[in-house]
Structures are given as structure tokens and as C-alpha cells.
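Just protein_5.txt here, compact mmCIF, C-alpha atoms and all ligand atoms:
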# COMPACT_ATOMS: atom_id res chain seq x y z
CA MET A 1 280.73 -36.64 22.67
CA LYS A 2 277.96 -36.25 25.19
CA LEU A 3 276.13 -39.37 26.33
CA VAL A 4 272.32 -39.36 26.58
CA SER A 5 270.59 -42.20 28.46
CA ILE A 6 267.05 -43.31 27.73
CA VAL A 7 265.59 -45.05 30.78
CA VAL A 8 262.58 -47.27 30.18
CA PRO A 9 260.83 -49.32 32.88
CA MET A 10 259.09 -52.37 31.47
CA TYR A 11 256.48 -54.58 33.05
CA ASN A 12 254.93 -57.21 30.79
CA GLU A 13 255.87 -55.31 27.66
CA GLU A 14 256.79 -58.25 25.38
CA GLU A 15 254.73 -56.75 22.57
CA MET A 16 256.13 -53.24 22.92
CA ALA A 17 259.80 -53.94 23.75
CA PRO A 18 260.97 -54.72 20.17
CA ILE A 19 258.95 -51.84 18.68
CA PHE A 20 260.25 -49.44 21.33
CA LEU A 21 263.89 -50.39 20.73
CA LYS A 22 263.46 -50.04 16.99
CA GLU A 23 261.73 -46.64 17.09
CA VAL A 24 264.08 -45.14 19.67
CA SER A 25 267.16 -46.44 17.85
CA ALA A 26 265.93 -44.85 14.62
CA VAL A 27 265.79 -41.46 16.34
CA MET A 28 269.20 -42.03 17.91
CA SER A 29 270.87 -42.74 14.60
CA SER A 30 269.53 -39.44 13.27
CA LEU A 31 271.40 -37.61 16.06
CA LYS A 32 275.02 -38.13 15.05
CA ASP A 33 276.55 -35.71 17.56
CA TYR A 34 275.58 -37.73 20.61
CA ASN A 35 276.23 -41.14 22.07
CA PHE A 36 273.21 -42.95 23.43
CA GLU A 37 272.42 -45.81 25.76
CA ILE A 38 269.05 -47.41 26.43
CA VAL A 39 268.65 -48.55 30.02
CA ALA A 40 265.72 -50.99 30.01
CA VAL A 41 264.50 -52.03 33.45
CA ASN A 42 262.65 -55.32 33.59
CA ASP A 43 260.32 -54.80 36.54
CA GLY A 44 259.63 -58.47 37.33
CA SER A 45 257.71 -59.12 34.11
CA LYS A 46 255.79 -62.37 33.99
CA ASP A 47 255.87 -62.57 30.20
CA ASN A 48 258.83 -62.79 27.81
CA THR A 49 260.02 -59.19 28.20
CA LEU A 50 263.37 -60.22 29.73
CA ASP A 51 264.13 -62.85 27.06
CA ILE A 52 263.28 -60.37 24.32
CA LEU A 53 265.56 -57.75 25.88
CA LYS A 54 268.40 -60.27 26.25
CA SER A 55 268.13 -61.39 22.65
CA SER A 56 268.08 -57.74 21.54
CA LEU A 57 271.57 -57.17 23.01
CA LYS A 58 273.22 -58.40 19.81
CA ASP A 59 271.27 -55.92 17.64
CA TYR A 60 271.48 -53.01 20.05
CA PRO A 61 274.97 -52.79 21.55
CA ASN A 62 274.03 -49.68 23.52
CA LEU A 63 271.27 -51.54 25.39
CA VAL A 64 271.72 -52.05 29.14
CA ILE A 65 269.31 -54.37 30.95
CA VAL A 66 268.57 -53.83 34.61
CA ASN A 67 266.68 -56.89 35.77
CA LEU A 68 264.80 -56.45 39.05
CA SER A 69 264.27 -59.40 41.41
CA ARG A 70 260.47 -58.96 41.31
CA ASN A 71 257.84 -56.39 40.39
CA PHE A 72 258.50 -53.21 42.40
CA GLY A 73 256.23 -50.80 40.53
CA HIS A 74 256.82 -48.06 37.98
CA GLU A 75 258.46 -45.48 40.27
CA SER A 76 260.92 -47.93 41.83
CA ALA A 77 261.76 -49.45 38.44
CA LEU A 78 262.44 -45.98 37.08
CA HIS A 79 264.68 -45.25 40.06
CA ALA A 80 266.68 -48.44 39.42
CA GLY A 81 267.14 -47.30 35.83
CA LEU A 82 268.21 -43.79 36.81
CA ILE A 83 270.84 -45.17 39.22
CA ASN A 84 272.33 -47.25 36.40
CA ALA A 85 272.20 -44.57 33.71
CA ARG A 86 275.56 -42.98 32.97
CA GLY A 87 274.44 -40.21 30.63
CA ASP A 88 275.20 -36.49 30.82
CA ALA A 89 271.46 -36.20 30.38
CA VAL A 90 268.80 -38.79 31.07
CA ILE A 91 265.36 -39.18 29.49
CA PRO A 92 262.84 -41.47 31.22
CA MET A 93 260.25 -42.89 28.82
CA ASP A 94 257.37 -45.35 28.89
CA ALA A 95 257.76 -48.48 26.78
CA ASP A 96 254.39 -48.13 25.05
CA LEU A 97 255.44 -45.24 22.74
CA GLN A 98 252.97 -42.91 24.45
CA ASP A 99 256.08 -40.78 24.93
CA PRO A 100 256.96 -40.21 21.24
CA PRO A 101 260.64 -40.96 20.51
CA SER A 102 260.75 -38.13 17.94
CA LEU A 103 260.48 -35.68 20.84
CA ILE A 104 263.95 -36.74 22.03
CA ILE A 105 265.35 -34.41 19.35
CA GLU A 106 263.48 -31.39 20.75
CA LEU A 107 264.34 -32.26 24.34
CA ILE A 108 268.04 -32.36 23.49
CA LYS A 109 267.79 -29.10 21.54
CA LYS A 110 266.33 -27.35 24.59
CA TRP A 111 268.98 -28.93 26.80
CA GLU A 112 271.67 -27.42 24.55
CA GLU A 113 270.02 -24.02 25.07
CA GLY A 114 271.06 -24.33 28.71
CA TYR A 115 268.03 -25.86 30.42
CA ASP A 116 268.81 -28.45 33.13
CA VAL A 117 265.34 -29.95 33.04
CA VAL A 118 263.16 -30.03 29.94
CA ASN A 119 259.60 -31.13 30.62
CA ALA A 120 257.58 -32.84 27.91
CA LYS A 121 254.15 -31.34 28.49
CA ARG A 122 250.96 -32.70 26.96
CA LYS A 123 249.16 -30.14 24.81
CA SER A 124 245.80 -31.47 25.90
CA ARG A 125 244.21 -34.43 27.58
CA ASP A 126 241.58 -34.89 24.88
CA GLU A 127 242.74 -38.47 24.30
CA ASP A 128 241.97 -39.43 27.94
CA THR A 129 238.65 -40.55 29.30
CA ARG A 130 236.56 -37.83 30.91
CA PHE A 131 237.16 -39.46 34.31
CA LYS A 132 240.96 -39.46 33.94
CA ARG A 133 240.94 -35.88 32.64
CA GLY A 134 238.72 -34.64 35.48
CA THR A 135 240.66 -36.38 38.25
CA ALA A 136 244.00 -35.22 36.83
CA GLU A 137 242.79 -31.62 36.71
CA LEU A 138 241.52 -31.80 40.28
CA PHE A 139 244.76 -33.40 41.43
CA TYR A 140 246.99 -30.68 39.96
CA LYS A 141 244.76 -27.92 41.33
CA LEU A 142 244.77 -29.42 44.80
CA ILE A 143 248.44 -30.30 45.03
CA ASN A 144 249.57 -26.90 43.79
CA LYS A 145 247.29 -25.17 46.27
CA LEU A 146 248.82 -27.23 49.05
CA SER A 147 252.36 -26.45 47.96
CA PRO A 148 253.03 -22.74 47.51
CA LYS A 149 256.80 -23.01 46.94
CA VAL A 150 257.27 -26.10 44.76
CA LYS A 151 254.83 -26.17 41.83
CA ILE A 152 254.09 -29.41 40.01
CA PRO A 153 253.78 -28.68 36.27
CA GLU A 154 250.42 -29.76 34.91
CA ASN A 155 250.21 -32.65 32.44
CA VAL A 156 253.89 -33.55 32.73
CA ALA A 157 254.56 -37.18 33.62
CA ASN A 158 258.01 -38.78 33.87
CA PHE A 159 258.87 -38.05 30.24
CA ARG A 160 261.41 -35.21 30.35
CA LEU A 161 265.11 -34.61 29.98
CA ILE A 162 267.14 -34.15 33.12
CA ASP A 163 270.75 -32.99 33.15
CA ARG A 164 273.30 -34.94 35.17
CA LYS A 165 273.76 -32.22 37.81
CA ALA A 166 270.02 -32.05 38.56
CA LEU A 167 269.69 -35.84 38.38
CA ASP A 168 272.52 -36.34 40.88
CA VAL A 169 270.61 -34.18 43.37
CA VAL A 170 267.41 -36.18 42.74
CA LEU A 171 269.34 -39.41 43.30
CA SER A 172 270.88 -38.02 46.48
CA LEU A 173 267.42 -37.69 48.06
CA SER A 174 267.43 -40.55 50.51
CA GLU A 175 263.70 -41.15 50.92
CA LYS A 176 262.30 -44.56 50.05
CA SER A 177 258.85 -43.53 48.88
CA ARG A 178 259.79 -41.86 45.61
CA VAL A 179 257.72 -39.94 43.10
CA PHE A 180 259.98 -38.76 40.29
CA ARG A 181 257.56 -36.12 38.97
CA VAL A 182 257.53 -34.48 42.41
CA GLU A 183 261.24 -34.86 43.18
CA VAL A 184 262.34 -33.09 40.00
CA PRO A 185 260.33 -29.88 40.69
CA PHE A 186 261.62 -30.04 44.28
CA VAL A 187 265.27 -29.87 43.20
CA GLY A 188 264.50 -26.93 40.91
CA PHE A 189 267.24 -25.86 38.45
CA ARG A 190 266.58 -24.17 35.12
CA VAL A 191 263.41 -25.66 33.66
CA GLY A 192 262.28 -25.56 30.03
CA GLU A 193 259.39 -27.22 28.28
CA VAL A 194 258.36 -28.75 24.97
CA LEU A 195 254.77 -29.55 24.01
CA PHE A 196 253.48 -32.79 22.49
CA SER A 197 250.30 -34.74 21.82
CA ARG A 198 250.17 -38.04 23.61
CA PRO A 199 249.04 -40.91 21.43
CA LYS A 200 247.15 -43.94 22.72
CA ARG A 201 249.08 -47.03 23.80
CA ASP A 202 250.01 -49.02 20.72
CA LYS A 203 249.99 -52.59 22.07
CA GLY A 204 249.73 -54.28 25.45
CA TYR A 205 247.67 -52.91 28.33
CA SER A 206 247.84 -50.05 30.85
CA LYS A 207 249.16 -51.07 34.27
CA TYR A 208 247.68 -48.03 35.96
CA ASN A 209 244.25 -48.77 37.36
CA THR A 210 242.29 -46.37 39.56
CA LYS A 211 243.85 -47.79 42.74
CA ALA A 212 247.39 -47.27 41.43
CA MET A 213 246.48 -43.71 40.42
CA VAL A 214 245.05 -42.93 43.86
CA ASN A 215 248.21 -44.34 45.48
CA LEU A 216 250.38 -42.18 43.23
CA ALA A 217 248.32 -39.11 44.13
CA ILE A 218 248.68 -39.88 47.86
CA ASP A 219 252.43 -40.52 47.58
CA SER A 220 252.87 -37.31 45.57
CA THR A 221 250.98 -35.23 48.12
CA ILE A 222 252.80 -36.67 51.14
CA SER A 223 256.16 -36.32 49.45
CA LEU A 224 255.48 -32.68 48.58
CA THR A 225 253.73 -31.11 51.53
CA ASN A 226 252.79 -31.39 55.21
CA ARG A 227 249.89 -28.96 54.76
CA PRO A 228 247.10 -31.49 55.49
CA LEU A 229 248.67 -32.07 58.93
CA GLU A 230 248.67 -28.33 59.55
CA TRP A 231 244.94 -28.13 58.73
CA CYS A 232 244.38 -29.72 62.14
CA ILE A 233 245.46 -26.46 63.80
CA GLY A 234 242.92 -24.44 61.81
CA TRP A 235 240.11 -26.87 62.64
CA THR A 236 241.09 -26.73 66.32
CA ALA A 237 240.99 -22.92 66.31
CA THR A 238 237.55 -22.90 64.63
CA MET A 239 236.20 -25.43 67.10
CA GLY A 240 237.71 -23.42 69.97
CA ILE A 241 235.93 -20.24 68.84
CA ILE A 242 232.59 -22.08 68.49
CA THR A 243 233.03 -23.57 71.98
CA VAL A 244 233.86 -20.23 73.63
CA LEU A 245 230.89 -18.51 71.92
CA SER A 246 228.56 -21.32 72.95
CA ILE A 247 229.71 -21.22 76.60
CA ILE A 248 229.44 -17.41 76.82
CA SER A 249 225.95 -17.50 75.25
CA GLU A 250 224.78 -20.13 77.70
CA ILE A 251 226.14 -18.19 80.70
CA VAL A 252 224.46 -14.95 79.51
CA ILE A 253 221.14 -16.73 78.97
CA ALA A 254 221.44 -18.49 82.34
CA ILE A 255 221.93 -15.06 84.04
CA LEU A 256 218.95 -13.61 82.15
CA LEU A 257 216.87 -16.63 83.20
CA ALA A 258 217.90 -16.20 86.83
CA LEU A 259 216.93 -12.49 86.66
CA ASP A 260 213.56 -13.49 85.11
CA VAL A 261 214.29 -11.34 82.07
CA LEU A 262 213.89 -14.40 79.82
CA SER A 263 211.65 -17.38 80.06
CA PHE A 264 213.39 -20.45 78.71
CA SER A 265 213.21 -24.08 79.68
CA TRP A 266 215.95 -25.20 82.12
CA MET A 267 215.71 -28.56 80.34
CA TYR A 268 217.15 -26.94 77.19
CA MET A 269 219.83 -25.30 79.31
CA LEU A 270 220.85 -28.74 80.60
CA ILE A 271 221.07 -30.19 77.08
CA TRP A 272 223.09 -27.13 76.03
CA LEU A 273 225.41 -27.69 79.02
CA ILE A 274 226.01 -31.27 77.93
CA VAL A 275 226.76 -30.08 74.39
CA ASN A 276 229.23 -27.53 75.80
CA ILE A 277 230.98 -30.20 77.88
CA VAL A 278 231.30 -32.37 74.74
CA LEU A 279 232.70 -29.36 72.86
CA ILE A 280 235.26 -28.68 75.62
CA VAL A 281 236.40 -32.33 75.65
CA GLY A 282 236.59 -32.22 71.83
CA CYS A 283 238.73 -29.07 71.97
CA VAL A 284 241.16 -30.64 74.46
CA LEU A 285 241.55 -33.66 72.15
CA MET A 286 241.95 -31.45 69.09
CA VAL A 287 244.69 -29.42 70.79
CA GLN A 288 246.51 -32.67 71.58
CA LEU A 289 246.05 -33.80 67.96
CA SER A 290 247.37 -30.48 66.66
CA ILE A 291 250.48 -30.75 68.83
CA MET A 292 251.03 -34.31 67.58
CA SER A 293 250.55 -33.16 63.97
CA LEU A 294 253.18 -30.48 64.41
CA TYR A 295 255.69 -32.96 65.81
CA LEU A 296 254.81 -35.51 63.11
CA ALA A 297 255.30 -32.90 60.37
CA LYS A 298 258.73 -31.94 61.78
CA ASN A 299 259.60 -35.62 62.11
CA ILE A 300 258.72 -36.30 58.45
CA VAL A 301 261.00 -33.46 57.36
CA GLU A 302 263.86 -34.74 59.52
CA THR A 303 263.57 -38.42 58.60
CA ARG A 304 263.20 -37.64 54.90
CA ASN A 305 266.48 -35.79 55.31
CA ARG A 306 266.26 -33.77 52.10
CA PRO A 307 268.84 -31.05 51.59
CA ASP A 308 267.52 -27.80 53.01
CA VAL A 309 269.03 -25.84 50.12
CA ILE A 310 270.35 -26.76 46.66
CA VAL A 311 272.91 -24.59 44.88
CA ARG A 312 272.87 -24.61 41.09
CA GLU A 313 276.18 -22.74 40.73
CA VAL A 314 278.43 -20.28 42.55
CA ILE A 315 279.47 -17.35 40.38
CA ARG A 316 282.61 -15.34 41.23
CA LYS A 317 284.59 -12.70 39.45
CA GLU A 318 287.40 -14.49 37.56
N1 LIG A 401 255.58 -50.19 34.48
C1 LIG A 401 256.56 -50.79 35.28
N2 LIG A 401 256.16 -51.45 36.41
C2 LIG A 401 254.85 -51.52 36.81
C3 LIG A 401 253.88 -50.86 35.99
C4 LIG A 401 254.28 -50.21 34.84
O1 LIG A 401 257.73 -50.76 34.97
O2 LIG A 401 254.58 -52.12 37.85
C5 LIG A 401 256.00 -49.51 33.24
C6 LIG A 401 255.25 -49.94 31.99
O3 LIG A 401 255.83 -51.10 31.41
C7 LIG A 401 255.39 -48.71 31.10
C8 LIG A 401 255.36 -47.57 32.11
O4 LIG A 401 255.69 -48.14 33.38
O5 LIG A 401 256.61 -48.69 30.40
C9 LIG A 401 254.02 -46.87 32.17
O6 LIG A 401 252.99 -47.80 32.39
P1 LIG A 401 251.60 -47.76 31.61
O7 LIG A 401 251.83 -47.46 30.17
O8 LIG A 401 250.87 -49.02 31.92
O9 LIG A 401 250.90 -46.54 32.32
P2 LIG A 401 249.80 -45.52 31.69
O10 LIG A 401 250.43 -44.93 30.46
O11 LIG A 401 248.62 -46.33 31.39
O12 LIG A 401 249.60 -44.51 32.77
MG MG A 402 251.16 -45.94 28.94

Do you think you could lay out the structure here as C-alpha cells?
Ligand code: UDP
Ligand code: MG
Amino acid sequence: MKLVSIVVPMYNEEEMAPIFLKEVSAVMSSLKDYNFEIVAVNDGSKDNTLDILKSSLKDYPNLVIVNLSRNFGHESALHAGLINARGDAVIPMDADLQDPPSLIIELIKKWEEGYDVVNAKRKSRDEDTRFKRGTAELFYKLINKLSPKVKIPENVANFRLIDRKALDVVLSLSEKSRVFRVEVPFVGFRVGEVLFSRPKRDKGYSKYNTKAMVNLAIDSTISLTNRPLEWCIGWTATMGIITVLSIISEIVIAILLALDVLSFSWMYMLIWLIVNIVLIVGCVLMVQLSIMSLYLAKNIVETRNRPDVIVREVIRKE
């Protein structure tokens, strides 16, 4: 029988942990054709999450606890869980039941249709505050504009099913600054989707404040694309054109002044000259910055050391 792992990072989830285990186990027992394990990662909780998980071991024999040495944050906790999951497919979920356990059935159904990754996509963001909805929309628009090849699916968080072969490639990425929802689209494979409405958190509190969201957006962008570094070249070119036009104009006007065709204050010409000198110095610096950006971008690619190509399968005549 195939094994499916549910990976759930938990930080101060003492209220949600027992409810989560109960709800997920109920769904599991309705799926008789699969074995399941729940990999719960205690991300340095300061409340009783760990004790609750430990005492749940007797009721839930398929529970695996990964206890981190301190709080590392959602993405790192998820990674620790993924490393320890043994399933043929793995489903990361939040502990607060905002990722409805009933959707596990649909995710597995899609997986059996041959999809390697099945995204759980939110139907709408009506439940969110206007601020969260607006910033999320802007974020997806921006990041997908910056990245023409790898597209980040809108309104898909970590909740999805990922097949072992795609997960192994994700885990083989050696970078330290990880964003799961960007790594999965990067590795590609055959991607399907199921839709769901995201309920509000049942108990406990959200650990994502605005600062954490901004950090996630920055990490996602840097992990996906070097485009912002390349902008420097465009700005340099624009500034170069402005500088050349300004210098040519000043020379032409200076000649016309010398020929008495124009009457124009030499004082203005001096100020213009100073502006041109500043522009020239600026251009020299910008060229230097562009060169550095290019080297930095190449360096990021090399140090991140991602595979340059990923093969899903090789098909030959029998
Ligand atoms: N989480 C974690 N470590 C952290 C912060 C959050 O493991 O440092 C877990 C948290 O317990 C939950 C999931 O990540 O299971 C998502 O967090 P939360 O529900 O607070 O995020 P939101 O839904 O508000 O974006
Ligand atoms: Mg939540």
C-alpha cells in the first residue's frame, strides 16, 4: 500500500494540536487503501505543544514528532518535516485547520490521475482583510512579471500534494534560504489543482505579522529571480542617453552663443556644465554598479547550485 505523509509545522499550537490530529485521523481512516503518517514538527513552541504531541503518541501510532532545538520559523520547520517524511506522496498542512483535512481525499484522487504536484488553490480571498488581499494580489502580479519562466500559482500556499520524485528534487536543492511555494514551481513536473475555500483559524493566533509577510515576499523574490539586479543595466542605459543628449545640447548651444546666433546667459551654461559633469560621474558609477550586479547575479546562481535541468522521465522504445 502507498504511504502518504502529512507534514505539519507547529509553533505554539497547544489548542489546535489535539483537534488537528483528530480531524486528520478521521479523514485518514476513511481512506482504507493508503497508509498514512503524520509528521508533526514542534518548532520550538513555548507552550505545551510538545507535551501534547508526546502524549498523543499512544492514541496515534502513525504520529512522528520532529522536535526542533528552537524556533526556526515556518519554512525551516516545514523543511525539517519534509526531510523526515517517508511517504510516496507528502502533504504539508497548517495546524490551524485553515487547510481543510477533507481536501486530502481530493488531493490523493488527483495524484492517482498521474499528477506529481497537486496544488490546493483558494477559490477566493474574501475571508482575508482588504490589506492582505491587496498585498497578496500585488505580490503575485509582481513576482510573476519578474519571472517569465517559472510561474508562481496565485493563492496557493504550502498546502498541496507532492509526489516523492518531485519532493526528492526539492530536497536536493542545497540552498539555505528556502521558500517551499517557490521551490515546487521551480522543479516543475506535472501539476494539477483542486479548489477550496479557506476557513478562518479555529483557535490560537496567527504567527504571520506584516514583517514576516514582507520577509517571505523578499525571500520568495530573491529565490526566484535576479531580475531586480538586471534593472540596474536598464537604468544605466537611460541615464547614459540623458547624459549624452544633455552634453550634445550644451555644445550646440555653446557654438550658437559663440556665433552670436543665440543670446543666453553664460552663467546658465556654467550651471549646465556642472550638471553634465555630475551626470558623467553618475554614469561611470552606474556602469560599475551594473558590472557588479551582473557578477553578483551569476554568483547567486553558482552558489545556490540548483540543477540546471530536471528530467521527469526518459522514454524509450521497449
Ligand atoms: N508556524 C511554525 N513556526 C513559526 C510560525 C508558524 O511552525 O515560527 C506554523 C504554525 O504553527 C502553523 C503554520 O506554521 O501550523 C502557519 O502559521 P499561521 O497559521 O500562524 O499562519 P497564517 O495562516 O496566519 O498565515
Ligand atoms: Mg493559519

Pull the closest atom pair for each residue of chain A that gets at most 9 Å from ligand MG 402 (chain A), along with the distance in Å to one decimal, counting all atoms listed in the file, ordering rows by chain and then ascending residue number, as CSV.
residue,atom,partner,partner_atom,distance
A:Asp94,CA,A:MG402,MG,6.2
A:Ala95,CA,A:MG402,MG,7.4
A:Asp96,CA,A:MG402,MG,5.5
A:Leu97,CA,A:MG402,MG,7.6
A:Gln98,CA,A:MG402,MG,5.7
A:Asp99,CA,A:MG402,MG,8.2
A:Lys200,CA,A:MG402,MG,7.7
A:Arg201,CA,A:MG402,MG,5.7
A:Asp202,CA,A:MG402,MG,8.9
A:Tyr205,CA,A:MG402,MG,7.8
A:Ser206,CA,A:MG402,MG,5.6
A:Lys207,CA,A:MG402,MG,7.7
A:Tyr208,CA,A:MG402,MG,8.1

Give me the residues within 9 Å of stretch 160-174 of chain A as a PyMOL selection string, counting only C-alpha atoms and dropping any in the same chain fewer than 2 places off. chain A and resi 79+82-83+86-93+104+107-108+111+115-121+156-158+176+180+183-184+186-189+193-194+304-307+310+312

To one decimal place, how far is atom CA of A:Cys283 from atom CA of A:Asn299 in Å? 24.0 Å

Can you tell me, as JSON, the centre and edge lengths (Å, one decimal) of the axis-aligned box enclosing all of ligand LIG 401 (chain A)'s listed atoms after padding each side by 6 Å?
{"center_x": 253.2, "center_y": -48.3, "center_z": 34.0, "size_x": 21.1, "size_y": 19.6, "size_z": 19.7}

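Considering all atoms listed in the file, the residue among A:Arg130, A:Glu318, A:Ile6, A:Ile300 positioned nearest to A:Asn84 is A:Ile6.
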
If I put a ball of radius 12 Å at (269.4, -56.6, 24.0) in the file's coordinates, which residues poke into it when counting all atoms listed in the file, written as JSON, numbers by chain? {"A": [17, 18, 20, 21, 22, 37, 38, 39, 40, 41, 42, 49, 50, 51, 52, 53, 54, 55, 56, 57, 58, 59, 60, 61, 62, 63, 64, 65, 66]}

Atom CA of A:Leu31 to atom CA of A:Met16, distance in Å rounded to a single decimal: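 Between atom CA of A:Leu31 and atom CA of A:Met16 the gap works out to 22.9 Å.
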
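Within the 12 Å cut-off around A:Ile242, using all atoms listed in the file and omitting residues fewer than 4 positions from it on the same chain, the listed residues are Trp235, Thr236, Ala237, Thr238, Ser246, Ile247, Ile248, Ser249, Val275, Asn276, Leu279, Ile280, Gly282 and Cys283 of chain A.
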
To one decimal place in Å, what is the distance between atom CA of A:Ala217 and atom O11 of ligand LIG 401 (chain A)?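 Straight-line distance from atom CA of A:Ala217 to atom O11 of ligand LIG 401 (chain A) works out to 14.6 Å.
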
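Here the selection is built from only C-alpha atoms, and the residues within 12 Å of (248.8, -34.0, 59.0) turn out to be Thr221, Ile222, Thr225, Asn226, Arg227, Pro228, Leu229, Glu230, Trp231, Cys232, Ile233, Gly234, Trp235, Leu289, Ser290, Ile291, Met292, Ser293, Leu294, Tyr295, Leu296, Ala297, Lys298, Asn299 and Ile300 of chain A.
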
Considering all atoms listed in the file, state which residue in the set A:Lys203, A:Glu127, A:Ile143, A:Lys46 is at the smallest distance from A:Glu15.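 Comparing A:Lys203, A:Glu127, A:Ile143, A:Lys46 against A:Glu15, the winner is A:Lys203.
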
Here is a test: counting only C-alpha atoms and all ligand atoms, which residue of A:Met269, A:Leu262, A:Ala77, A:Val7 is nearest to ligand LIG 401 (chain A)?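 Among the listed residues, the smallest separation from ligand LIG 401 (chain A) belongs to A:Ala77.
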
Would you please work out which residue, of A:Val182, A:Val24, A:Val314, A:Ala136, is nearest to A:Met213 when using all atoms listed in the file?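 Smallest separation from A:Met213 among the options: A:Ala136.
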
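Proximity to ligand LIG 401 (chain A) was assessed for A:Trp266, A:Phe36, A:Phe159, A:Phe196 counting only C-alpha atoms and all ligand atoms; the smallest distance is recorded for A:Phe159.
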
Using all atoms listed in the file, determine which residues lie at most 8 Å from A:Asn71, disregarding the query and same-chain residues fewer than 5 positions distant; provide the list as number ranges by chain. A: 11, 43-45

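Distances to ligand LIG 401 (chain A) were evaluated for A:Ile241, A:Leu285, A:Leu216, A:Ile105 using only C-alpha atoms and all ligand atoms, and the minimum falls at A:Leu216.
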
Reconstruct all heavy atoms of stretch 298-306 of chain A from the incomplete input and present them as a PDB file, in the coordinates of the input.
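Okay, selection.pdb is ready:
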ATOM      1  N   LYS A 298     257.279 -32.199  61.617  1.00  0.00           N
ATOM      2  CA  LYS A 298     258.730 -31.940  61.780  1.00  0.00           C
ATOM      3  C   LYS A 298     259.496 -33.255  61.610  1.00  0.00           C
ATOM      4  O   LYS A 298     260.560 -33.291  60.995  1.00  0.00           O
ATOM      5  CB  LYS A 298     259.013 -31.372  63.178  1.00  0.00           C
ATOM      6  CG  LYS A 298     258.587 -29.943  63.324  1.00  0.00           C
ATOM      7  CD  LYS A 298     259.604 -28.990  62.696  1.00  0.00           C
ATOM      8  CE  LYS A 298     259.028 -27.594  62.611  1.00  0.00           C
ATOM      9  NZ  LYS A 298     259.381 -26.871  61.424  1.00  0.00           N
ATOM     10  N   ASN A 299     258.935 -34.311  62.171  1.00  0.00           N
ATOM     11  CA  ASN A 299     259.600 -35.620  62.110  1.00  0.00           C
ATOM     12  C   ASN A 299     259.727 -36.116  60.663  1.00  0.00           C
ATOM     13  O   ASN A 299     260.761 -36.651  60.272  1.00  0.00           O
ATOM     14  CB  ASN A 299     258.771 -36.614  62.942  1.00  0.00           C
ATOM     15  CG  ASN A 299     259.565 -37.858  63.246  1.00  0.00           C
ATOM     16  OD1 ASN A 299     260.784 -37.850  63.146  1.00  0.00           O
ATOM     17  ND2 ASN A 299     258.887 -38.928  63.561  1.00  0.00           N
ATOM     18  N   ILE A 300     258.671 -35.892  59.858  1.00  0.00           N
ATOM     19  CA  ILE A 300     258.720 -36.300  58.450  1.00  0.00           C
ATOM     20  C   ILE A 300     259.855 -35.568  57.747  1.00  0.00           C
ATOM     21  O   ILE A 300     260.644 -36.158  57.021  1.00  0.00           O
ATOM     22  CB  ILE A 300     257.366 -36.005  57.749  1.00  0.00           C
ATOM     23  CG1 ILE A 300     256.280 -36.923  58.289  1.00  0.00           C
ATOM     24  CG2 ILE A 300     257.491 -36.170  56.242  1.00  0.00           C
ATOM     25  CD1 ILE A 300     254.881 -36.555  57.835  1.00  0.00           C
ATOM     26  N   VAL A 301     259.944 -34.256  58.008  1.00  0.00           N
ATOM     27  CA  VAL A 301     261.000 -33.460  57.360  1.00  0.00           C
ATOM     28  C   VAL A 301     262.375 -33.986  57.749  1.00  0.00           C
ATOM     29  O   VAL A 301     263.258 -34.151  56.901  1.00  0.00           O
ATOM     30  CB  VAL A 301     260.844 -31.964  57.746  1.00  0.00           C
ATOM     31  CG1 VAL A 301     262.011 -31.147  57.240  1.00  0.00           C
ATOM     32  CG2 VAL A 301     259.530 -31.421  57.193  1.00  0.00           C
ATOM     33  N   GLU A 302     262.552 -34.278  59.054  1.00  0.00           N
ATOM     34  CA  GLU A 302     263.860 -34.740  59.520  1.00  0.00           C
ATOM     35  C   GLU A 302     264.207 -36.122  58.977  1.00  0.00           C
ATOM     36  O   GLU A 302     265.308 -36.346  58.496  1.00  0.00           O
ATOM     37  CB  GLU A 302     263.907 -34.764  61.061  1.00  0.00           C
ATOM     38  CG  GLU A 302     263.824 -33.396  61.714  1.00  0.00           C
ATOM     39  CD  GLU A 302     264.950 -32.448  61.303  1.00  0.00           C
ATOM     40  OE1 GLU A 302     266.079 -32.907  61.092  1.00  0.00           O
ATOM     41  OE2 GLU A 302     264.675 -31.239  61.182  1.00  0.00           O
ATOM     42  N   THR A 303     263.252 -37.050  59.029  1.00  0.00           N
ATOM     43  CA  THR A 303     263.570 -38.420  58.600  1.00  0.00           C
ATOM     44  C   THR A 303     263.757 -38.485  57.079  1.00  0.00           C
ATOM     45  O   THR A 303     264.552 -39.260  56.584  1.00  0.00           O
ATOM     46  CB  THR A 303     262.473 -39.440  58.990  1.00  0.00           C
ATOM     47  OG1 THR A 303     261.218 -38.890  58.649  1.00  0.00           O
ATOM     48  CG2 THR A 303     262.509 -39.770  60.454  1.00  0.00           C
ATOM     49  N   ARG A 304     263.037 -37.643  56.347  1.00  0.00           N
ATOM     50  CA  ARG A 304     263.200 -37.640  54.900  1.00  0.00           C
ATOM     51  C   ARG A 304     264.594 -37.113  54.535  1.00  0.00           C
ATOM     52  O   ARG A 304     265.174 -37.494  53.537  1.00  0.00           O
ATOM     53  CB  ARG A 304     262.104 -36.780  54.271  1.00  0.00           C
ATOM     54  CG  ARG A 304     261.925 -37.067  52.817  1.00  0.00           C
ATOM     55  CD  ARG A 304     260.919 -36.129  52.222  1.00  0.00           C
ATOM     56  NE  ARG A 304     259.555 -36.580  52.367  1.00  0.00           N
ATOM     57  CZ  ARG A 304     258.530 -35.794  52.682  1.00  0.00           C
ATOM     58  NH1 ARG A 304     258.730 -34.522  52.932  1.00  0.00           N
ATOM     59  NH2 ARG A 304     257.318 -36.273  52.772  1.00  0.00           N
ATOM     60  N   ASN A 305     265.085 -36.226  55.406  1.00  0.00           N
ATOM     61  CA  ASN A 305     266.480 -35.790  55.310  1.00  0.00           C
ATOM     62  C   ASN A 305     266.837 -35.205  53.943  1.00  0.00           C
ATOM     63  O   ASN A 305     267.918 -35.478  53.421  1.00  0.00           O
ATOM     64  CB  ASN A 305     267.395 -36.969  55.662  1.00  0.00           C
ATOM     65  CG  ASN A 305     268.746 -36.499  56.111  1.00  0.00           C
ATOM     66  OD1 ASN A 305     268.899 -35.314  56.460  1.00  0.00           O
ATOM     67  ND2 ASN A 305     269.734 -37.366  56.066  1.00  0.00           N
ATOM     68  N   ARG A 306     265.932 -34.428  53.369  1.00  0.00           N
ATOM     69  CA  ARG A 306     266.260 -33.770  52.100  1.00  0.00           C
ATOM     70  C   ARG A 306     267.207 -32.602  52.361  1.00  0.00           C
ATOM     71  O   ARG A 306     267.191 -32.046  53.457  1.00  0.00           O
ATOM     72  CB  ARG A 306     264.978 -33.219  51.457  1.00  0.00           C
ATOM     73  CG  ARG A 306     264.157 -34.274  50.792  1.00  0.00           C
ATOM     74  CD  ARG A 306     263.013 -33.622  50.051  1.00  0.00           C
ATOM     75  NE  ARG A 306     262.181 -34.637  49.427  1.00  0.00           N
ATOM     76  CZ  ARG A 306     261.029 -34.363  48.818  1.00  0.00           C
ATOM     77  NH1 ARG A 306     260.582 -33.135  48.761  1.00  0.00           N
ATOM     78  NH2 ARG A 306     260.324 -35.325  48.264  1.00  0.00           N
TER      79      ARG A 306
END
